[in-house]
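Here is the file run.cif (mmCIF, C-alpha atoms and all ligand atoms).
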data_query
loop_
_atom_site.label_atom_id
_atom_site.label_comp_id
_atom_site.auth_asym_id
_atom_site.auth_seq_id
_atom_site.Cartn_x
_atom_site.Cartn_y
_atom_site.Cartn_z
CA MET A 7 8.02 0.38 20.70
CA GLY A 8 7.52 4.01 19.79
CA ASP A 9 4.86 6.44 20.84
CA GLY A 10 3.74 7.43 17.37
CA PHE A 11 0.62 9.29 16.38
CA SER A 12 -2.23 6.79 15.98
CA VAL A 13 -5.47 7.01 14.04
CA ALA A 14 -8.34 4.62 14.86
CA ILE A 15 -10.92 4.06 12.14
CA ASP A 16 -13.97 1.93 12.91
CA GLY A 17 -17.25 1.26 11.18
CA PRO A 18 -19.64 -1.36 9.84
CA ALA A 19 -19.01 -3.76 6.93
CA ALA A 20 -18.00 -2.25 3.59
CA ALA A 21 -18.29 1.35 4.82
CA GLY A 22 -15.12 2.41 3.01
CA LYS A 23 -12.79 2.20 6.03
CA GLY A 24 -10.13 0.43 3.98
CA THR A 25 -10.12 3.04 1.22
CA VAL A 26 -10.08 5.96 3.66
CA SER A 27 -7.40 4.31 5.83
CA LYS A 28 -5.06 3.61 2.92
CA ALA A 29 -5.44 7.14 1.56
CA VAL A 30 -4.88 8.72 4.99
CA ALA A 31 -1.81 6.52 5.61
CA ALA A 32 -0.34 7.49 2.23
CA HIS A 33 -1.08 11.19 2.82
CA PHE A 34 0.61 11.38 6.24
CA GLY A 35 3.23 8.65 5.71
CA PHE A 36 1.73 6.44 8.44
CA ALA A 37 1.77 2.62 8.45
CA HIS A 38 -1.63 0.97 7.91
CA LEU A 39 -3.12 -2.19 9.43
CA ASP A 40 -6.43 -3.61 8.18
CA THR A 41 -7.38 -5.51 11.34
CA GLY A 42 -10.30 -7.20 9.53
CA LEU A 43 -7.67 -9.27 7.75
CA LEU A 44 -6.60 -10.82 11.07
CA TYR A 45 -10.15 -12.04 11.70
CA ARG A 46 -10.57 -13.08 8.06
CA ALA A 47 -7.35 -15.13 8.23
CA VAL A 48 -8.61 -16.89 11.37
CA GLY A 49 -12.02 -17.43 9.71
CA ALA A 50 -10.33 -18.96 6.64
CA LYS A 51 -8.41 -21.40 8.83
CA VAL A 52 -11.64 -22.42 10.57
CA LEU A 53 -13.27 -23.05 7.18
CA ALA A 54 -10.25 -25.27 6.44
CA GLY A 55 -10.98 -27.29 9.59
CA MET A 56 -8.80 -25.68 12.27
CA ASP A 57 -9.86 -24.70 15.78
CA ALA A 58 -10.52 -20.93 15.98
CA ILE A 59 -8.49 -20.24 19.12
CA GLU A 60 -5.51 -22.29 17.89
CA ALA A 61 -5.71 -20.49 14.55
CA ALA A 62 -5.64 -17.06 16.24
CA GLN A 63 -2.77 -18.06 18.55
CA SER A 64 -0.61 -19.36 15.69
CA LEU A 65 -1.38 -16.65 13.12
CA MET A 66 1.61 -15.52 11.00
CA SER A 67 1.96 -12.37 8.91
CA ASP A 68 2.15 -14.53 5.75
CA ASP A 69 -1.41 -15.70 6.50
CA LEU A 70 -2.67 -12.16 5.81
CA ASP A 71 -1.27 -12.09 2.31
CA ASP A 72 -3.97 -14.03 0.52
CA ASP A 73 -6.55 -12.76 -2.01
CA SER A 74 -9.04 -15.47 -1.04
CA LEU A 75 -9.55 -13.70 2.32
CA ARG A 76 -11.79 -11.17 0.53
CA THR A 77 -14.65 -13.58 -0.23
CA PRO A 78 -18.10 -13.29 1.43
CA ALA A 79 -17.76 -16.80 2.90
CA VAL A 80 -14.56 -15.81 4.68
CA ALA A 81 -16.18 -12.55 5.87
CA GLN A 82 -19.00 -14.52 7.51
CA ALA A 83 -16.52 -16.94 9.10
CA ALA A 84 -14.51 -13.93 10.35
CA SER A 85 -17.50 -12.39 12.09
CA LYS A 86 -18.26 -15.74 13.76
CA VAL A 87 -14.75 -16.19 15.16
CA ALA A 88 -14.73 -12.51 16.17
CA VAL A 89 -17.26 -13.16 18.96
CA ILE A 90 -14.82 -15.54 20.73
CA SER A 91 -12.97 -13.68 23.48
CA GLU A 92 -9.85 -15.94 23.31
CA VAL A 93 -9.58 -15.17 19.60
CA ARG A 94 -9.75 -11.41 20.24
CA ALA A 95 -7.24 -11.72 23.10
CA ALA A 96 -4.75 -13.60 20.90
CA LEU A 97 -4.79 -10.77 18.35
CA LEU A 98 -4.52 -7.90 20.86
CA ASP A 99 -0.76 -7.48 21.38
CA PHE A 100 0.05 -7.47 17.69
CA GLN A 101 -2.51 -4.69 17.08
CA ARG A 102 -1.42 -2.63 20.11
CA SER A 103 2.24 -2.69 19.19
CA PHE A 104 1.39 -1.78 15.62
CA ALA A 105 -0.65 1.19 16.90
CA THR A 106 2.20 2.62 18.96
CA ARG A 107 4.96 2.28 16.36
CA ALA A 108 7.13 5.34 15.78
CA GLY A 109 6.21 7.28 12.69
CA GLY A 110 2.46 6.94 13.12
CA ALA A 111 -0.13 4.27 12.36
CA VAL A 112 -3.66 3.96 11.04
CA LEU A 113 -5.66 0.91 12.13
CA ASP A 114 -9.10 0.13 10.79
CA GLY A 115 -11.62 -2.33 12.19
CA ARG A 116 -14.52 -2.54 14.63
CA ASP A 117 -12.99 -1.96 18.08
CA ILE A 118 -9.89 0.13 17.41
CA GLY A 119 -11.09 3.31 19.15
CA THR A 120 -12.99 1.43 21.88
CA VAL A 121 -10.60 -1.41 22.87
CA ILE A 122 -7.34 -1.61 20.92
CA CYS A 123 -6.36 2.04 20.97
CA PRO A 124 -8.62 4.13 23.24
CA GLU A 125 -5.75 6.66 23.51
CA ALA A 126 -5.60 7.18 19.73
CA ALA A 127 -4.93 10.80 18.76
CA VAL A 128 -7.82 10.67 16.28
CA LYS A 129 -10.85 8.38 16.23
CA LEU A 130 -13.11 8.18 13.20
CA PHE A 131 -16.32 6.22 12.72
CA VAL A 132 -16.88 5.73 8.99
CA THR A 133 -20.37 4.62 8.08
CA ALA A 134 -23.02 4.64 5.31
CA SER A 135 -26.49 3.17 4.81
CA ALA A 136 -26.62 -0.63 4.50
CA GLU A 137 -27.89 -0.30 0.90
CA VAL A 138 -25.05 1.97 -0.18
CA ARG A 139 -22.49 -0.28 1.51
CA ALA A 140 -23.96 -3.39 -0.13
CA GLN A 141 -23.94 -1.65 -3.54
CA ARG A 142 -20.25 -0.78 -3.16
CA ARG A 143 -19.29 -4.27 -1.98
CA PHE A 144 -21.39 -5.81 -4.79
CA ALA A 145 -19.46 -3.74 -7.37
CA GLU A 146 -16.14 -4.67 -5.74
CA LEU A 147 -16.95 -8.41 -5.72
CA SER A 148 -18.35 -8.33 -9.28
CA ALA A 149 -15.09 -6.79 -10.49
CA LYS A 150 -13.28 -9.78 -8.96
CA GLY A 151 -15.58 -12.24 -10.73
CA ILE A 152 -17.58 -13.19 -7.61
CA THR A 153 -21.18 -13.53 -8.85
CA ASP A 154 -23.23 -13.16 -5.64
CA SER A 155 -26.40 -11.08 -6.23
CA TYR A 156 -26.89 -7.61 -4.72
CA GLU A 157 -29.54 -9.11 -2.40
CA THR A 158 -27.10 -11.75 -1.13
CA VAL A 159 -24.43 -9.12 -0.51
CA LEU A 160 -26.95 -6.90 1.34
CA ALA A 161 -28.00 -9.84 3.53
CA ASP A 162 -24.32 -10.60 4.30
CA VAL A 163 -23.63 -6.99 5.28
CA LYS A 164 -26.70 -6.84 7.53
CA SER A 165 -26.07 -10.16 9.26
CA ARG A 166 -22.42 -9.28 9.98
CA ASP A 167 -23.42 -5.83 11.28
CA ALA A 168 -25.94 -7.43 13.64
CA ARG A 169 -23.39 -9.98 14.90
CA ASP A 170 -20.70 -7.30 15.27
CA MET A 171 -22.98 -4.87 17.15
CA GLU A 172 -24.69 -7.40 19.41
CA ARG A 173 -21.66 -9.35 20.62
CA VAL A 174 -20.67 -9.06 24.28
CA GLU A 175 -16.96 -8.55 23.70
CA ALA A 176 -15.81 -5.40 21.87
CA PRO A 177 -19.14 -4.67 20.14
CA LEU A 178 -19.11 -2.33 17.16
CA ARG A 179 -20.00 1.22 18.23
CA PRO A 180 -18.51 4.68 17.82
CA ALA A 181 -15.79 5.28 20.45
CA ASP A 182 -16.15 8.18 22.89
CA GLY A 183 -14.94 11.25 21.08
CA ALA A 184 -15.09 9.65 17.62
CA VAL A 185 -15.86 11.88 14.64
CA VAL A 186 -18.57 10.23 12.52
CA ILE A 187 -18.17 10.42 8.73
CA ASP A 188 -21.27 9.23 6.87
CA THR A 189 -20.11 8.44 3.34
CA SER A 190 -23.57 7.59 1.92
CA ASP A 191 -23.59 10.71 -0.24
CA LEU A 192 -19.85 11.32 -0.48
CA SER A 193 -17.38 10.42 -3.21
CA ILE A 194 -14.17 8.64 -2.18
CA GLU A 195 -12.30 11.93 -2.62
CA GLN A 196 -14.76 13.79 -0.37
CA ALA A 197 -14.62 11.11 2.35
CA VAL A 198 -10.82 11.07 2.28
CA ALA A 199 -10.69 14.88 2.37
CA GLN A 200 -12.94 14.96 5.47
CA ALA A 201 -10.76 12.40 7.24
CA ILE A 202 -7.57 14.30 6.38
CA THR A 203 -9.07 17.55 7.69
CA VAL A 204 -9.97 15.96 11.04
CA ILE A 205 -6.49 14.44 11.42
CA GLN A 206 -4.72 17.63 10.35
CA GLU A 207 -6.55 19.56 13.08
CA LYS A 208 -5.26 17.16 15.75
CA ARG A 209 -1.68 17.17 14.51
CA VAL A 210 -0.94 20.80 15.21
O1 LIG A 301 -14.14 -5.28 4.78
P1 LIG A 301 -15.34 -5.45 5.69
O2 LIG A 301 -15.73 -4.16 6.32
O3 LIG A 301 -16.47 -6.16 5.02
O4 LIG A 301 -14.90 -6.47 6.84
P2 LIG A 301 -13.52 -6.58 7.64
O5 LIG A 301 -13.13 -5.23 8.17
O6 LIG A 301 -12.51 -7.31 6.81
O7 LIG A 301 -13.93 -7.48 8.91
C1 LIG A 301 -14.43 -8.81 8.78
C2 LIG A 301 -15.06 -9.20 10.12
O8 LIG A 301 -14.02 -9.27 11.11
C3 LIG A 301 -16.07 -8.22 10.69
O9 LIG A 301 -17.40 -8.46 10.25
C4 LIG A 301 -15.92 -8.40 12.21
O10 LIG A 301 -16.74 -9.44 12.69
C5 LIG A 301 -14.49 -8.83 12.39
N1 LIG A 301 -13.62 -7.75 12.92
C6 LIG A 301 -13.64 -7.50 14.28
O11 LIG A 301 -14.40 -8.12 15.02
N2 LIG A 301 -12.81 -6.57 14.83
C7 LIG A 301 -11.97 -5.86 14.05
N3 LIG A 301 -11.16 -4.96 14.62
C8 LIG A 301 -11.96 -6.06 12.65
C9 LIG A 301 -12.81 -7.01 12.11
#
For the structure just supplied, provide its representation as structure tokens.
Amino acid sequence: MGDGFSVAIDGPAAAGKGTVSKAVAAHFGFAHLDTGLLYRAVGAKVLAGMDAIEAAQSLMSDDLDDDSLRTPAVAQAASKVAVISEVRAALLDFQRSFATRAGGAVLDGRDIGTVICPEAAVKLFVTASAEVRAQRRFAELSAKGITDSYETVLADVKSRDARDMERVEAPLRPADGAVVIDTSDLSIEQAVAQAITVIQEKRV
């Protein structure tokens, strides 16, 4: 266990958290954890017939290394298991120890600044309009050969946002002290540059 510099990045579905997190991690040499993958891996196991709590308690790092976790069906399953408090509890220690590793860490998700890492040195809330987010996710899925329509993708984004914001445990909201970056009208480069500027200011 170290006491490294940690960056918490939260936000709604397909807001660009992953892109910003990876770029920030590469820029500063921090490790990166996409915590959505933990919930997606549990969701995928539930779709395969397993109990959600057992799946979360027995999760292995190999389970995260699977391209099929990026499908809309798995995303929906992820947001359903994510309301279960035992599932969230089972994934807590792994995320907390990742956050405090020496050398610095960036974690992205829904509850990083509020629950996992309230002491993070920097908290960002990356967001965009539902339409812009759905357009980006639609383009991403189309490039992978997934043929869902834009309307279907928009409905998926909105229903997951509602479930994520309305749940009792660890609901999606900006953490106290979070800097909000609305990427609706920003390029990837501009969003990344804003995030780097905020982090740089806290590092000195
Ligand atoms: O990539 P995208 O933003 O579409 O989703 P994700 O970050 O992979 O997260 C999938 C789902 O996992 C979310 O809709 C949440 O329900 C859940 N999740 C969560 O509850 N807490 C986290 N820290 C990360 C994800």
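The interatomic distance for the pair atom CA of A:Ser135 and atom CA of A:Ser190 works out to 6.0 Å.
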Write as a PyMOL selection string the residues around ligand LIG 301 (chain A), taking 8 Å as the cut-off and counting all atoms listed in the file. chain A and resi 16-24+40-46+76+81-89+94+114-118+143+163+166-167+169-170+176-178
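Closest approach to A:Ala197 among A:Thr77, A:Ser155, A:Leu39, A:Ser27: A:Ser27, based on all atoms listed in the file.
Our summary of the geometry notes that atom CA of A:Gln63 is positioned 25.9 Å from atom CA of A:Arg179.
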Distance in Å - atom CA of A:Arg209 versus atom CA of A:Leu97: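 Answer for the atom CA of A:Arg209 to atom CA of A:Leu97 separation: 28.4 Å.
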Of the candidates A:Ala29, A:Val80, A:Val93, A:Val174, which shows the shortest atom-to-atom distance to A:Gly49, using all atoms listed in the file?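 Checking each of A:Ala29, A:Val80, A:Val93, A:Val174 against A:Gly49, counting all atoms listed in the file, the winner is A:Val80.
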Pick from A:Leu160, A:Ala184, A:Ala62, A:Leu130, whichever lies nearest to A:Gln200 using all atoms listed in the file: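 Of the candidates, the smallest distance to A:Gln200 is held by A:Leu130.
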What's the 8 Å shell around A:Val30, counting only C-alpha atoms, without same-chain residues fewer than 4 positions away, as a list in words?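 The residues satisfying every condition are Val26, Phe34, Phe36, Val112, Val198, Ala201 and Ile202 of chain A.
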Once you've located stretch 138-170 of chain A in the structure I gave, write it as a CSV table (one decimal), in the first residue's frame, keeping N, CA and C atoms.
chain,number,residue,atom,x,y,z
A,138,VAL,N,-25.4,14.0,-27.2
A,138,VAL,CA,-24.0,13.9,-27.6
A,138,VAL,C,-23.4,12.6,-27.1
A,139,ARG,N,-23.7,12.2,-25.9
A,139,ARG,CA,-23.1,11.0,-25.4
A,139,ARG,C,-23.6,9.8,-26.2
A,140,ALA,N,-24.9,9.8,-26.5
A,140,ALA,CA,-25.5,8.7,-27.3
A,140,ALA,C,-24.8,8.6,-28.7
A,141,GLN,N,-24.6,9.8,-29.3
A,141,GLN,CA,-24.0,9.9,-30.6
A,141,GLN,C,-22.6,9.3,-30.6
A,142,ARG,N,-21.8,9.6,-29.6
A,142,ARG,CA,-20.5,9.1,-29.5
A,142,ARG,C,-20.5,7.6,-29.3
A,143,ARG,N,-21.4,7.1,-28.4
A,143,ARG,CA,-21.4,5.7,-28.1
A,143,ARG,C,-21.9,4.9,-29.4
A,144,PHE,N,-22.9,5.6,-30.1
A,144,PHE,CA,-23.4,5.0,-31.3
A,144,PHE,C,-22.2,4.8,-32.3
A,145,ALA,N,-21.4,5.8,-32.5
A,145,ALA,CA,-20.2,5.7,-33.4
A,145,ALA,C,-19.3,4.7,-33.0
A,146,GLU,N,-19.0,4.6,-31.7
A,146,GLU,CA,-18.1,3.6,-31.1
A,146,GLU,C,-18.6,2.2,-31.4
A,147,LEU,N,-19.9,2.0,-31.1
A,147,LEU,CA,-20.4,0.6,-31.3
A,147,LEU,C,-20.5,0.3,-32.8
A,148,SER,N,-20.9,1.2,-33.6
A,148,SER,CA,-20.9,1.0,-35.1
A,148,SER,C,-19.6,0.5,-35.6
A,149,ALA,N,-18.5,1.2,-35.1
A,149,ALA,CA,-17.2,0.8,-35.5
A,149,ALA,C,-16.8,-0.6,-35.2
A,150,LYS,N,-17.5,-1.1,-34.1
A,150,LYS,CA,-17.2,-2.5,-33.7
A,150,LYS,C,-18.2,-3.5,-34.3
A,151,GLY,N,-19.0,-3.0,-35.2
A,151,GLY,CA,-20.0,-3.9,-35.9
A,151,GLY,C,-21.2,-4.1,-35.2
A,152,ILE,N,-21.5,-3.4,-34.1
A,152,ILE,CA,-22.7,-3.6,-33.3
A,152,ILE,C,-23.8,-2.6,-34.0
A,153,THR,N,-24.9,-3.2,-34.4
A,153,THR,CA,-25.8,-2.4,-35.3
A,153,THR,C,-27.0,-1.8,-34.6
A,154,ASP,N,-27.0,-1.6,-33.3
A,154,ASP,CA,-28.1,-0.9,-32.6
A,154,ASP,C,-28.3,0.5,-33.3
A,155,SER,N,-29.5,0.9,-33.3
A,155,SER,CA,-29.8,2.3,-33.9
A,155,SER,C,-29.4,3.4,-32.9
A,156,TYR,N,-29.3,4.6,-33.4
A,156,TYR,CA,-29.0,5.7,-32.5
A,156,TYR,C,-30.1,5.8,-31.4
A,157,GLU,N,-31.3,5.6,-31.8
A,157,GLU,CA,-32.4,5.7,-30.8
A,157,GLU,C,-32.3,4.7,-29.7
A,158,THR,N,-31.9,3.5,-30.1
A,158,THR,CA,-31.7,2.4,-29.1
A,158,THR,C,-30.6,2.8,-28.1
A,159,VAL,N,-29.5,3.3,-28.7
A,159,VAL,CA,-28.3,3.7,-27.9
A,159,VAL,C,-28.7,4.8,-26.9
A,160,LEU,N,-29.5,5.8,-27.4
A,160,LEU,CA,-29.9,6.9,-26.6
A,160,LEU,C,-30.8,6.4,-25.4
A,161,ALA,N,-31.7,5.5,-25.7
A,161,ALA,CA,-32.6,4.9,-24.7
A,161,ALA,C,-31.8,4.2,-23.6
A,162,ASP,N,-30.7,3.5,-24.1
A,162,ASP,CA,-29.9,2.7,-23.2
A,162,ASP,C,-29.1,3.7,-22.2
A,163,VAL,N,-28.6,4.8,-22.8
A,163,VAL,CA,-27.8,5.8,-22.0
A,163,VAL,C,-28.8,6.4,-21.0
A,164,LYS,N,-30.0,6.8,-21.4
A,164,LYS,CA,-30.9,7.4,-20.5
A,164,LYS,C,-31.4,6.5,-19.4
A,165,SER,N,-31.7,5.2,-19.7
A,165,SER,CA,-32.2,4.3,-18.7
A,165,SER,C,-31.1,4.0,-17.7
A,166,ARG,N,-29.8,3.9,-18.2
A,166,ARG,CA,-28.7,3.6,-17.2
A,166,ARG,C,-28.5,4.8,-16.3
A,167,ASP,N,-28.5,6.0,-16.9
A,167,ASP,CA,-28.4,7.2,-16.1
A,167,ASP,C,-29.4,7.3,-15.0
A,168,ALA,N,-30.6,7.0,-15.4
A,168,ALA,CA,-31.7,7.1,-14.4
A,168,ALA,C,-31.5,6.1,-13.2
A,169,ARG,N,-31.1,4.9,-13.6
A,169,ARG,CA,-30.9,3.8,-12.6
A,169,ARG,C,-29.7,4.2,-11.7
A,170,ASP,N,-28.6,4.7,-12.4
A,170,ASP,CA,-27.4,5.1,-11.6
A,170,ASP,C,-27.6,6.3,-10.7
